[in-house]
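work20.cif (mmCIF, C-alpha atoms)
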data_coords
#
loop_
_atom_site.label_atom_id
_atom_site.label_comp_id
_atom_site.auth_asym_id
_atom_site.auth_seq_id
_atom_site.Cartn_x
_atom_site.Cartn_y
_atom_site.Cartn_z
CA MET A 1 -99.74 157.99 227.08
CA ALA A 2 -99.33 158.84 223.42
CA VAL A 3 -96.10 160.43 222.37
CA PRO A 4 -96.79 163.70 220.56
CA SER A 5 -95.51 163.84 217.02
CA LYS A 6 -92.72 166.24 216.25
CA PRO A 7 -93.74 169.30 214.26
CA THR A 8 -92.59 169.39 210.70
CA PRO A 9 -89.64 171.81 210.24
CA GLU A 10 -90.70 175.03 208.53
CA PRO A 11 -88.57 174.55 205.38
CA LEU A 12 -89.95 171.05 204.88
CA ARG A 13 -93.51 172.23 205.57
CA GLN A 14 -93.14 174.85 202.87
CA LEU A 15 -91.66 172.31 200.50
CA PHE A 16 -94.45 169.79 201.10
CA ALA A 17 -97.05 172.50 200.38
CA LEU A 18 -95.22 173.79 197.33
CA ILE A 19 -96.82 171.73 194.59
CA ASP A 20 -100.32 172.63 195.75
CA LYS A 21 -99.39 176.32 195.85
CA LEU A 22 -97.90 176.07 192.39
CA ARG A 23 -101.00 174.49 190.94
CA HIS A 24 -103.15 177.32 192.32
CA ALA A 25 -100.67 180.01 191.30
CA THR A 26 -100.36 179.08 187.67
CA THR A 27 -103.83 178.48 186.28
CA GLY A 28 -107.49 177.63 186.92
CA SER A 29 -109.00 174.29 187.85
CA ALA A 30 -109.30 173.07 184.26
CA GLY A 31 -105.73 174.14 183.58
CA ARG A 32 -104.52 172.41 186.73
CA ARG A 33 -106.06 169.18 185.55
CA ALA A 34 -104.37 169.64 182.18
CA VAL A 35 -100.99 170.32 183.84
CA THR A 36 -101.35 167.24 186.03
CA ALA A 37 -102.45 164.95 183.20
CA ASN A 38 -99.90 166.25 180.72
CA SER A 39 -97.08 166.11 183.25
CA GLY A 40 -98.12 162.60 184.19
CA TRP A 41 -97.94 161.34 180.61
CA LEU A 42 -94.63 163.05 179.92
CA LEU A 43 -93.14 161.84 183.17
CA PHE A 44 -94.35 158.29 182.51
CA ASP A 45 -92.80 158.36 179.03
CA LYS A 46 -89.47 159.83 180.06
CA LEU A 47 -89.11 157.74 183.21
CA THR A 48 -89.95 154.57 181.29
CA ARG A 49 -87.54 155.45 178.50
CA SER A 50 -84.81 156.46 180.95
CA LEU A 51 -85.24 153.36 183.11
CA LEU A 52 -85.37 151.03 180.12
CA GLY A 53 -82.43 152.81 178.53
CA LEU A 54 -80.45 152.53 181.74
CA LEU A 55 -81.10 148.81 182.13
CA VAL A 56 -80.56 147.88 178.50
CA GLY A 57 -77.65 150.32 178.24
CA ALA A 58 -76.00 148.66 181.21
CA TRP A 59 -76.45 145.28 179.54
CA VAL A 60 -74.92 146.67 176.35
CA ALA A 61 -71.98 148.01 178.39
CA ARG A 62 -71.45 144.60 180.00
CA HIS A 63 -71.52 143.00 176.55
CA LEU A 64 -69.11 145.44 174.92
CA GLY A 65 -66.79 146.05 177.87
CA PRO A 66 -65.36 149.44 178.92
CA THR A 67 -63.18 149.98 175.85
CA GLN A 68 -65.75 149.32 173.11
CA PHE A 69 -68.46 150.99 175.18
CA GLY A 70 -66.19 154.02 175.43
CA LEU A 71 -65.81 154.16 171.64
CA LEU A 72 -69.58 154.06 171.19
CA ALA A 73 -69.94 156.82 173.80
CA TYR A 74 -67.38 158.91 171.91
CA VAL A 75 -69.37 158.77 168.66
CA LEU A 76 -72.64 159.54 170.43
CA ALA A 77 -71.05 162.47 172.26
CA PHE A 78 -69.55 163.89 169.07
CA ILE A 79 -72.86 163.77 167.19
CA ALA A 80 -74.64 165.30 170.19
CA LEU A 81 -72.50 168.42 169.82
CA PHE A 82 -74.47 169.20 166.65
CA GLN A 83 -77.96 168.40 167.92
CA ALA A 84 -78.60 171.84 169.37
CA ILE A 85 -77.89 173.42 165.96
CA ALA A 86 -80.03 170.90 164.10
CA ASN A 87 -83.13 171.50 166.25
CA LEU A 88 -82.52 175.28 166.48
CA GLY A 89 -82.77 175.26 170.29
CA ALA A 90 -86.22 176.76 169.77
CA ASP A 91 -88.59 174.33 171.50
CA ALA A 92 -89.66 176.75 174.22
CA ILE A 93 -90.05 179.60 171.72
CA ILE A 94 -92.27 177.52 169.43
CA VAL A 95 -94.49 176.33 172.30
CA ARG A 96 -94.74 179.90 173.60
CA ASP A 97 -95.74 181.28 170.19
CA ILE A 98 -98.40 178.61 169.68
CA ALA A 99 -99.80 179.23 173.18
CA GLN A 100 -100.00 182.98 172.57
CA HIS A 101 -101.05 182.81 168.88
CA PRO A 102 -102.96 179.53 168.37
CA ASP A 103 -104.39 180.59 164.99
CA SER A 104 -100.87 180.77 163.57
CA ALA A 105 -99.92 177.24 164.66
CA PRO A 106 -99.78 175.74 161.10
CA GLU A 107 -97.25 178.25 159.83
CA ILE A 108 -95.26 178.25 163.10
CA LEU A 109 -94.91 174.47 162.95
CA GLY A 110 -94.34 174.26 159.20
CA THR A 111 -91.63 176.88 159.34
CA ALA A 112 -89.93 175.17 162.27
CA LEU A 113 -90.03 171.78 160.53
CA GLY A 114 -88.48 173.16 157.34
CA LEU A 115 -85.68 174.92 159.20
CA ARG A 116 -84.92 171.88 161.32
CA ALA A 117 -84.79 169.51 158.37
CA GLY A 118 -82.41 171.78 156.49
CA PHE A 119 -80.12 172.34 159.45
CA GLY A 120 -80.22 168.61 160.21
CA VAL A 121 -78.83 167.62 156.81
CA LEU A 122 -76.12 170.28 157.03
CA CYS A 123 -75.09 169.23 160.56
CA TRP A 124 -74.97 165.57 159.54
CA ALA A 125 -72.47 166.32 156.78
CA VAL A 126 -70.33 168.59 158.95
CA ALA A 127 -70.30 166.14 161.88
CA VAL A 128 -69.15 163.20 159.76
CA GLY A 129 -66.53 165.39 158.13
CA CYS A 130 -65.15 166.44 161.52
CA VAL A 131 -64.98 162.87 162.78
CA ALA A 132 -63.20 161.85 159.58
CA ALA A 133 -60.66 164.64 160.00
CA LEU A 134 -59.93 163.70 163.63
CA ASN A 135 -59.93 159.93 163.05
CA ALA A 136 -58.50 159.56 159.56
CA ASP A 137 -56.91 156.22 160.45
CA ALA A 138 -60.07 154.80 162.08
CA PRO A 139 -62.63 153.93 159.36
CA ARG A 140 -64.73 152.06 161.91
CA THR A 141 -65.25 155.26 163.91
CA ILE A 142 -66.13 157.22 160.75
CA LEU A 143 -68.69 154.62 159.69
CA MET A 144 -70.33 154.69 163.11
CA ALA A 145 -70.48 158.50 163.00
CA ALA A 146 -72.18 158.40 159.60
CA ILE A 147 -74.78 155.95 160.91
CA VAL A 148 -75.49 157.72 164.20
CA GLY A 149 -75.38 161.14 162.51
CA SER A 150 -78.61 160.42 160.63
CA VAL A 151 -80.36 161.15 163.94
CA LEU A 152 -79.70 164.84 163.25
CA VAL A 153 -82.12 164.68 160.31
CA PHE A 154 -84.77 162.47 161.88
CA GLN A 155 -85.05 164.66 164.98
CA ALA A 156 -86.80 167.33 162.91
CA SER A 157 -89.94 165.25 163.43
CA ASP A 158 -89.97 166.35 167.07
CA THR A 159 -91.73 169.46 165.76
CA VAL A 160 -94.89 167.33 165.83
CA ASP A 161 -94.28 166.78 169.54
CA LEU A 162 -94.29 170.55 170.08
CA TRP A 163 -97.79 170.73 168.63
CA PHE A 164 -98.98 168.09 171.09
CA GLN A 165 -97.22 169.88 173.97
CA SER A 166 -98.89 173.18 173.15
CA GLN A 167 -102.27 171.43 173.32
CA SER A 168 -101.38 169.50 176.50
CA ARG A 169 -101.91 166.26 174.56
CA SER A 170 -98.57 164.62 175.19
CA ARG A 171 -100.32 161.26 175.51
CA LEU A 172 -100.08 160.97 171.73
CA THR A 173 -96.34 161.56 171.82
CA VAL A 174 -95.93 159.02 174.58
CA PHE A 175 -97.59 156.26 172.56
CA ALA A 176 -95.56 157.04 169.44
CA LYS A 177 -92.13 157.43 171.01
CA LEU A 178 -92.48 154.76 173.62
CA SER A 179 -93.54 152.17 171.06
CA ALA A 180 -90.50 152.98 168.94
CA TYR A 181 -88.22 152.91 171.97
CA LEU A 182 -89.51 149.55 173.14
CA LEU A 183 -88.91 148.14 169.68
CA SER A 184 -85.36 149.48 169.41
CA ASN A 185 -84.43 148.25 172.88
CA GLY A 186 -85.85 144.84 172.02
CA ILE A 187 -83.52 144.82 169.03
CA LYS A 188 -80.58 145.73 171.29
CA VAL A 189 -81.36 142.77 173.52
CA GLY A 190 -81.45 140.55 170.43
CA LEU A 191 -78.08 141.93 169.30
CA ILE A 192 -76.57 141.15 172.70
CA LEU A 193 -77.86 137.59 172.59
CA CYS A 194 -76.49 137.22 169.06
CA ASP A 195 -73.09 138.64 170.09
CA ALA A 196 -73.43 141.40 167.46
CA PRO A 197 -70.52 143.75 166.66
CA LEU A 198 -70.23 147.34 167.84
CA GLU A 199 -71.49 148.82 164.54
CA ALA A 200 -74.85 147.08 164.98
CA PHE A 201 -75.50 148.96 168.21
CA ALA A 202 -74.74 152.24 166.46
CA ALA A 203 -77.27 151.32 163.77
CA VAL A 204 -79.98 150.76 166.39
CA THR A 205 -79.58 154.39 167.47
CA ALA A 206 -80.47 155.53 163.95
CA PHE A 207 -83.32 153.02 163.75
CA ASP A 208 -84.81 154.37 166.98
CA ALA A 209 -84.87 157.91 165.57
CA LEU A 210 -86.47 156.68 162.34
CA ALA A 211 -89.11 154.70 164.23
CA CYS A 212 -89.91 157.74 166.41
CA THR A 213 -90.38 159.83 163.27
CA ALA A 214 -92.83 157.33 161.81
CA GLY A 215 -94.70 157.05 165.11
CA LEU A 216 -95.06 160.81 165.55
CA PHE A 217 -96.49 161.36 162.09
CA MET A 218 -98.94 158.50 162.59
CA ALA A 219 -100.03 160.12 165.86
CA TYR A 220 -100.36 163.49 164.13
CA ARG A 221 -103.00 162.01 161.83
CA ARG A 222 -105.20 161.64 164.92
CA MET A 223 -104.83 165.29 165.95
CA ARG A 224 -104.05 167.59 163.05
CA THR A 225 -103.79 171.35 163.04
CA PRO A 226 -106.82 173.12 161.51
CA GLN A 227 -104.85 173.91 158.33
CA ARG A 228 -101.93 172.29 156.58
CA TRP A 229 -98.46 173.26 157.72
CA ARG A 230 -96.65 175.75 155.55
CA PHE A 231 -93.17 177.23 155.47
CA VAL A 232 -93.21 181.03 155.65
CA LEU A 233 -89.90 182.72 154.92
CA PRO A 234 -90.49 185.93 156.94
CA ARG A 235 -91.46 183.83 159.97
CA ALA A 236 -88.40 181.62 159.41
CA THR A 237 -86.22 184.73 159.52
CA ARG A 238 -87.87 185.90 162.73
CA LEU A 239 -87.63 182.45 164.32
CA ALA A 240 -83.96 182.08 163.40
CA GLY A 241 -83.27 185.60 164.67
CA GLU A 242 -84.91 184.89 168.01
CA ALA A 243 -83.59 181.34 168.34
CA TRP A 244 -79.93 181.85 167.52
CA PRO A 245 -78.93 182.74 171.10
CA PHE A 246 -80.67 179.57 172.28
CA MET A 247 -79.01 177.63 169.49
CA LEU A 248 -75.58 178.86 170.52
CA SER A 249 -76.38 178.29 174.16
CA GLY A 250 -77.55 174.79 173.24
CA VAL A 251 -74.21 174.16 171.57
CA SER A 252 -72.50 175.45 174.71
CA ILE A 253 -74.68 173.17 176.83
CA MET A 254 -73.68 170.23 174.67
CA VAL A 255 -70.06 171.31 174.94
CA TYR A 256 -70.07 171.27 178.72
CA ALA A 257 -72.28 168.16 178.75
CA ARG A 258 -70.34 166.16 176.15
CA ILE A 259 -66.91 167.66 175.58
CA ASP A 260 -65.71 165.96 178.76
CA GLN A 261 -66.26 162.59 177.09
CA ILE A 262 -64.30 163.63 174.01
CA MET A 263 -61.49 165.00 176.18
CA ILE A 264 -61.43 161.83 178.31
CA LYS A 265 -60.96 159.75 175.16
CA GLU A 266 -58.13 161.97 173.94
CA ILE A 267 -56.37 162.28 177.33
CA LEU A 268 -57.19 159.03 179.15
CA GLY A 269 -58.32 156.64 176.39
CA ASP A 270 -61.38 154.58 175.44
CA HIS A 271 -61.33 152.47 178.61
CA SER A 272 -61.60 155.46 180.94
CA LEU A 273 -64.33 156.93 178.76
CA GLY A 274 -66.25 153.67 179.09
CA ILE A 275 -66.03 153.95 182.88
CA TYR A 276 -67.20 157.58 182.84
CA ALA A 277 -69.99 156.82 180.35
CA ALA A 278 -71.31 154.18 182.75
CA ALA A 279 -71.63 156.75 185.56
CA LEU A 280 -73.41 159.39 183.48
CA PRO A 281 -76.79 157.68 182.89
CA LEU A 282 -77.06 156.84 186.59
CA SER A 283 -76.49 160.50 187.47
CA GLN A 284 -78.54 162.02 184.66
CA PHE A 285 -81.47 159.65 185.08
CA TRP A 286 -83.10 162.13 187.46
CA GLN A 287 -83.05 164.98 184.97
CA VAL A 288 -86.19 163.70 183.28
CA ILE A 289 -88.16 165.06 186.25
CA PRO A 290 -87.44 168.81 185.86
CA LEU A 291 -87.39 168.60 182.07
CA THR A 292 -90.83 166.97 182.04
CA LEU A 293 -92.34 169.36 184.53
CA ALA A 294 -90.89 172.41 182.78
CA THR A 295 -92.28 171.22 179.43
CA SER A 296 -95.78 170.91 180.85
CA LEU A 297 -95.61 174.18 182.78
CA ALA A 298 -94.25 176.28 179.90
CA PRO A 299 -97.60 177.16 178.20
CA PHE A 300 -99.23 178.07 181.53
CA ILE A 301 -96.32 180.20 182.73
CA ALA A 302 -96.44 182.03 179.38
CA ARG A 303 -100.15 182.77 179.84
CA ARG A 304 -99.62 183.85 183.45
CA LYS A 305 -97.02 186.34 182.22
CA ILE A 306 -99.73 188.02 180.16
CA ALA A 307 -102.48 187.76 182.78
CA ASP A 308 -100.83 188.78 186.07
CA GLU A 309 -97.20 189.82 186.48
CA ARG A 310 -97.16 189.39 190.27
CA ASP A 311 -98.58 185.87 190.18
CA TYR A 312 -96.21 185.07 187.34
CA GLN A 313 -93.16 185.97 189.43
CA ARG A 314 -94.53 184.22 192.51
CA SER A 315 -95.11 181.07 190.47
CA LEU A 316 -91.56 181.13 189.14
CA VAL A 317 -90.07 181.41 192.63
CA LEU A 318 -92.09 178.39 193.65
CA VAL A 319 -90.84 176.52 190.60
CA PHE A 320 -87.24 177.45 191.41
CA ARG A 321 -87.67 176.20 194.96
CA ALA A 322 -89.27 172.91 193.99
CA PHE A 323 -86.68 172.13 191.33
CA PHE A 324 -83.67 173.05 193.49
CA TYR A 325 -84.68 170.84 196.40
CA MET A 326 -85.68 167.99 194.12
CA GLY A 327 -82.10 168.15 192.84
CA VAL A 328 -80.74 167.99 196.39
CA GLY A 329 -82.88 164.96 197.15
CA CYS A 330 -81.87 163.14 193.99
CA ALA A 331 -78.16 163.77 194.61
CA ALA A 332 -78.44 162.47 198.17
CA PHE A 333 -80.30 159.34 197.11
CA THR A 334 -77.76 158.62 194.37
CA TRP A 335 -74.92 158.84 196.89
CA LEU A 336 -76.66 156.29 199.13
CA VAL A 337 -77.20 153.63 196.43
CA SER A 338 -74.36 154.28 193.97
CA GLY A 339 -72.15 151.36 194.94
CA ILE A 340 -74.95 148.82 194.69
CA LEU A 341 -76.20 150.20 191.38
CA VAL A 342 -72.86 150.26 189.60
CA ILE A 343 -71.89 146.70 190.55
CA HIS A 344 -75.28 145.13 189.91
CA LEU A 345 -76.02 146.95 186.67
CA PHE A 346 -72.64 147.24 184.97
CA GLY A 347 -70.58 144.58 186.69
CA PRO A 348 -67.20 144.52 188.47
CA ALA A 349 -65.36 145.79 185.38
CA PHE A 350 -67.03 149.19 185.94
CA ALA A 351 -66.61 149.34 189.75
CA GLU A 352 -64.39 152.43 189.63
CA ALA A 353 -67.33 154.42 188.24
CA THR A 354 -68.87 154.60 191.75
CA HIS A 355 -66.79 157.52 193.03
CA THR A 356 -67.26 159.40 189.76
CA LEU A 357 -71.02 158.91 190.05
CA ASN A 358 -71.12 160.22 193.64
CA VAL A 359 -69.42 163.45 192.62
CA HIS A 360 -71.26 163.92 189.33
CA ALA A 361 -74.68 163.52 190.99
CA ILE A 362 -74.15 166.84 192.80
CA SER A 363 -74.37 168.63 189.46
CA ASN A 364 -78.09 167.75 189.40
CA VAL A 365 -78.76 170.38 192.07
CA PHE A 366 -77.76 173.19 189.73
CA CYS A 367 -79.02 171.43 186.61
CA PHE A 368 -82.54 171.28 188.09
CA LEU A 369 -82.38 174.96 189.00
CA GLY A 370 -81.13 175.82 185.53
CA VAL A 371 -84.08 174.06 183.88
CA ALA A 372 -86.48 176.09 186.02
CA HIS A 373 -84.58 179.29 185.22
CA GLY A 374 -85.14 178.58 181.53
CA LEU A 375 -88.86 179.37 181.99
CA TRP A 376 -87.93 182.86 183.19
CA LEU A 377 -85.47 183.47 180.34
CA VAL A 378 -87.97 182.51 177.64
CA ASN A 379 -90.79 184.66 178.96
CA GLU A 380 -88.55 187.63 179.75
CA ARG A 381 -86.76 187.20 176.43
CA ARG A 382 -83.44 187.37 178.25
CA PHE A 383 -81.76 185.18 175.68
CA ALA A 384 -78.34 186.77 176.12
CA VAL A 385 -78.19 185.56 179.73
CA ARG A 386 -78.56 181.94 178.63
CA LEU A 387 -76.09 182.46 175.81
CA TYR A 388 -73.33 184.01 177.92
CA GLY A 389 -73.98 181.64 180.79
CA THR A 390 -73.60 178.52 178.70
CA LEU A 391 -70.62 179.90 176.80
CA LEU A 392 -68.88 180.59 180.10
CA ALA A 393 -69.89 177.16 181.39
CA GLY A 394 -68.46 175.53 178.28
CA LEU A 395 -65.16 177.33 178.76
CA THR A 396 -65.20 176.33 182.42
CA THR A 397 -65.68 172.69 181.46
CA ILE A 398 -62.81 172.69 179.00
CA ALA A 399 -60.41 174.52 181.34
CA MET A 400 -61.21 172.36 184.38
CA ASN A 401 -60.99 169.13 182.42
CA MET A 402 -57.59 170.11 181.05
CA LEU A 403 -56.47 170.82 184.60
CA LEU A 404 -58.14 167.94 186.49
CA LEU A 405 -58.25 164.97 184.10
CA PRO A 406 -54.50 164.24 184.23
CA ARG A 407 -54.55 164.55 188.05
CA LEU A 408 -57.90 163.05 189.13
CA GLY A 409 -58.97 160.96 186.16
CA THR A 410 -62.70 160.70 185.48
CA VAL A 411 -63.54 162.17 188.91
CA GLY A 412 -61.99 165.41 187.66
CA ALA A 413 -64.55 165.49 184.86
CA ALA A 414 -67.32 165.10 187.46
CA TYR A 415 -66.01 168.13 189.40
CA ALA A 416 -65.90 170.07 186.15
CA ALA A 417 -69.56 169.18 185.52
CA ILE A 418 -70.57 170.62 188.90
CA ALA A 419 -68.71 173.87 188.24
CA ALA A 420 -70.21 174.23 184.77
CA GLN A 421 -73.78 173.72 185.98
CA PHE A 422 -73.26 176.26 188.77
CA VAL A 423 -71.87 178.85 186.36
CA ALA A 424 -74.71 178.40 183.85
CA ALA A 425 -77.59 178.25 186.35
CA VAL A 426 -76.56 180.67 189.11
CA LEU A 427 -73.28 182.58 188.84
CA ILE A 428 -74.03 184.25 185.51
CA ASN A 429 -77.26 185.70 186.93
CA LEU A 430 -75.35 187.55 189.64
CA PHE A 431 -73.75 189.68 186.92
CA LEU A 432 -76.25 189.74 184.04
CA ASP A 433 -79.66 189.12 185.59
CA PRO A 434 -79.73 190.25 189.26
CA ARG A 435 -83.52 190.10 189.36
CA SER A 436 -83.64 186.36 188.70
CA PHE A 437 -80.65 185.85 190.99
CA ARG A 438 -82.70 187.39 193.86
CA MET A 439 -85.62 185.13 192.92
CA GLN A 440 -83.31 182.11 193.09
CA CYS A 441 -82.09 183.19 196.52
CA ASP A 442 -85.70 183.66 197.67
CA ALA A 443 -86.41 180.14 196.50
CA ILE A 444 -83.34 178.45 197.99
CA PHE A 445 -83.53 180.17 201.39
CA PHE A 446 -87.33 179.90 201.72
CA ARG A 447 -87.95 183.62 201.77
CA LYS A 448 -91.58 184.64 201.64
CA VAL A 449 -92.99 185.02 198.11
#
Could you take the file, read its structure, and then write that structure out as structure tokens?
Amino acid sequence: MAVPSKPTPEPLRQLFALIDKLRHATTGSAGRRAVTANSGWLLFDKLTRSLLGLLVGAWVARHLGPTQFGLLAYVLAFIALFQAIANLGADAIIVRDIAQHPDSAPEILGTALGLRAGFGVLCWAVAVGCVAALNADAPRTILMAAIVGSVLVFQASDTVDLWFQSQSRSRLTVFAKLSAYLLSNGIKVGLILCDAPLEAFAAVTAFDALACTAGLFMAYRRMRTPQRWRFVLPRATRLAGEAWPFMLSGVSIMVYARIDQIMIKEILGDHSLGIYAAALPLSQFWQVIPLTLATSLAPFIARRKIADERDYQRSLVLVFRAFFYMGVGCAAFTWLVSGILVIHLFGPAFAEATHTLNVHAISNVFCFLGVAHGLWLVNERRFAVRLYGTLLAGLTTIAMNMLLLPRLGTVGAAYAAIAAQFVAAVLINLFLDPRSFRMQCDAIFFRKV
């Protein structure tokens, strides 16, 4: 006699049906195909880049050892603090404007490129100056900052990627960026085999950004805008005025994402930072999933906002639900395999990173939800919520690291990361955006939408 199968629990049944509901809630059949194809290309690109970066990065860490790897991580973290200013934090705004006003794409893109290039040069100079002031007796660190800092200028070319995103043609971006990334990682492998010094690995970071810039502009020649790009000052003023809260929130995000590494170096030293920097890519590897899906969904959510307010809100609740429980699943899986991954990828010298990784992976739950919440903030133009949320999260990170690092070591930084993500993604909404807070609760507790 056959044993009857157990019924699927209701929460899981809803979760399994979620993606299909989302596809039908957001757009028509042609749009669904575009979402699927575009998401597939973006996910393939980011997963490939993340996986390759993790494997080659682990090899680099083995080659350099915790102390030198920690110094490299310090420079990368310091430069990253300025990236949100250099790119204006305006990606979602630019994609939204192109989706809603396609005829104005050339001036939207041209204005964004001009602003980003200018801010990039300024941020490069300021970043190197700050590193020099803090490390006056370490010319090696200053040189590495000057090399890596050039990324702040080259990243202006990502404006081309926004054009492809708005047209759901991310395949072109994938070919350009992935080719450059494969080349730069091949060079890293060569440097390891040649026993190259630390400065050479910093130079490869700049080379990767330069190669991506060249690849994107070559891809653009295959799919140009109808007219040439042009910088329009009034639009630049409007874009800067609308983007500045996202820029400041981006800085705050970088603060609570990177300041822990800078504080670890100052409080615990380069060796401890090397251990912590080994845990981060294993934890953050999963974040390519919500970032990729949100990028592909952004134009369609923006159109749904105009077409049908009720379907728009229903779609967002479904997005919140999917992203939150994907974060739970990724955190659980990381906890199961962390010990094996750390030892096999980074080696015994980094074994103490395992516990840090287990704790830090929990932050993905709120990180995933925060990425989904960004779609709501852009379309509702609730920029102040993101700004205050990330500012508060940044302060939370600094305060908790000051309190926990001397007592718990790098695990304290992992606890601080969880608290910061929770503050930015959920807690701030309770006070400043109760409507989205209720939507998040509907999503998490499987309330009917």
Would you write out, as a PDB file with C-alpha atoms, keeping the file's coordinate frame, every residue that the PyMOL selection byres ((chain A and resi 205-209) around 6) captures in this file?
ATOM      1  CA  VAL A 148     -75.490 157.720 164.200  1.00  0.00           C
ATOM      2  CA  VAL A 151     -80.360 161.150 163.940  1.00  0.00           C
ATOM      3  CA  PHE A 154     -84.770 162.470 161.880  1.00  0.00           C
ATOM      4  CA  SER A 184     -85.360 149.480 169.410  1.00  0.00           C
ATOM      5  CA  ALA A 202     -74.740 152.240 166.460  1.00  0.00           C
ATOM      6  CA  ALA A 203     -77.270 151.320 163.770  1.00  0.00           C
ATOM      7  CA  VAL A 204     -79.980 150.760 166.390  1.00  0.00           C
ATOM      8  CA  LEU A 210     -86.470 156.680 162.340  1.00  0.00           C
ATOM      9  CA  ALA A 211     -89.110 154.700 164.230  1.00  0.00           C
ATOM     10  CA  CYS A 212     -89.910 157.740 166.410  1.00  0.00           C
TER      11      CYS A 212
END
Open item on the list: Evaluate the PyMOL selection byres ((chain A and resi 285) around 12) against this structure - the residues, as a PyMOL selection string, please.
Closed with: chain A and resi 46-55+278-284+286-291+327+330-331+334+357+360-361+364
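Selection result for the displayed file, with the PyMOL selection byres ((chain A and resi 105-110) around 7) as criterion, is A:Ile98, A:Pro102, A:Asp103, A:Ser104, A:Thr111, A:Ala112, A:Leu113, A:Gly114, A:Thr159, A:Thr225, A:Gln227, A:Arg228, A:Trp229, A:Arg230, A:Phe231, A:Val232.
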Residues of the last selection are to be written out with C-alpha atoms, as a PDB file, in the coordinates of the input.
ATOM      1  CA  ILE A  98     -98.400 178.610 169.680  1.00  0.00           C
ATOM      2  CA  PRO A 102    -102.960 179.530 168.370  1.00  0.00           C
ATOM      3  CA  ASP A 103    -104.390 180.590 164.990  1.00  0.00           C
ATOM      4  CA  SER A 104    -100.870 180.770 163.570  1.00  0.00           C
ATOM      5  CA  THR A 111     -91.630 176.880 159.340  1.00  0.00           C
ATOM      6  CA  ALA A 112     -89.930 175.170 162.270  1.00  0.00           C
ATOM      7  CA  LEU A 113     -90.030 171.780 160.530  1.00  0.00           C
ATOM      8  CA  GLY A 114     -88.480 173.160 157.340  1.00  0.00           C
ATOM      9  CA  THR A 159     -91.730 169.460 165.760  1.00  0.00           C
ATOM     10  CA  THR A 225    -103.790 171.350 163.040  1.00  0.00           C
ATOM     11  CA  GLN A 227    -104.850 173.910 158.330  1.00  0.00           C
ATOM     12  CA  ARG A 228    -101.930 172.290 156.580  1.00  0.00           C
ATOM     13  CA  TRP A 229     -98.460 173.260 157.720  1.00  0.00           C
ATOM     14  CA  ARG A 230     -96.650 175.750 155.550  1.00  0.00           C
ATOM     15  CA  PHE A 231     -93.170 177.230 155.470  1.00  0.00           C
ATOM     16  CA  VAL A 232     -93.210 181.030 155.650  1.00  0.00           C
TER      17      VAL A 232
END
Task: Selection: 9 Å around range 415-426 of chain A, all atoms listed in the file, excl. self and same-chain fewer than 3 positions, as a VMD selection string - done: chain A and resid 253 256 to 257 260 356 359 to 371 373 to 374 385 to 386 388 to 401 404 411 to 412 429 to 430 437 440
Open item on the list: So that I can see what lies close to Thr141 in chain A, please list as JSON, numbers by chain the residues with an atom at most 8 Å from it, counting all atoms listed in the file and leaving out residues fewer than 3 positions away in the same chain.
Closed with: {"A": [71, 75, 131, 135, 138, 144, 145]}
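Going from CA of Leu248 in chain A to CA of Ala413 in chain A covers 22.5 Å.
Here CA of Gly70 in chain A and CA of Ala277 in chain A stand 6.8 Å from one another.
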Open item on the list: Calculated over all atoms listed in the file, which of the candidates A:Val160, A:Leu297, A:Ile275, A:Leu143 has the smallest distance to Met223 in chain A?
Closed with: A:Val160
Open item on the list: What's around Phe350 in chain A at 9 Å? Count only C-alpha atoms, leave out sequence neighbours fewer than 6 positions away in its own chain, and write the answer as a PyMOL selection string.
Closed with: chain A and resi 62+65-66+274-276+278-279+342-343
Expected file: the selected residues, C-alpha atoms, as a compact mmCIF listing (two decimals), in the frame of the given file:
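Dumped to again.txt:
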# COMPACT_ATOMS: atom_id res chain seq x y z
CA ARG A 62 -71.45 144.60 180.00
CA GLY A 65 -66.79 146.05 177.87
CA PRO A 66 -65.36 149.44 178.92
CA GLY A 274 -66.25 153.67 179.09
CA ILE A 275 -66.03 153.95 182.88
CA TYR A 276 -67.20 157.58 182.84
CA ALA A 278 -71.31 154.18 182.75
CA ALA A 279 -71.63 156.75 185.56
CA VAL A 342 -72.86 150.26 189.60
CA ILE A 343 -71.89 146.70 190.55
Open item on the list: Quick one: residues within 12 Å of Glu380 in chain A, all atoms listed in the file, excluding same-chain residues fewer than 6 positions away - as a ChimeraX atom specification?
Closed with: /A:93,96,301-302,305-306,309,312-313,316,373-374,386,433,435-436
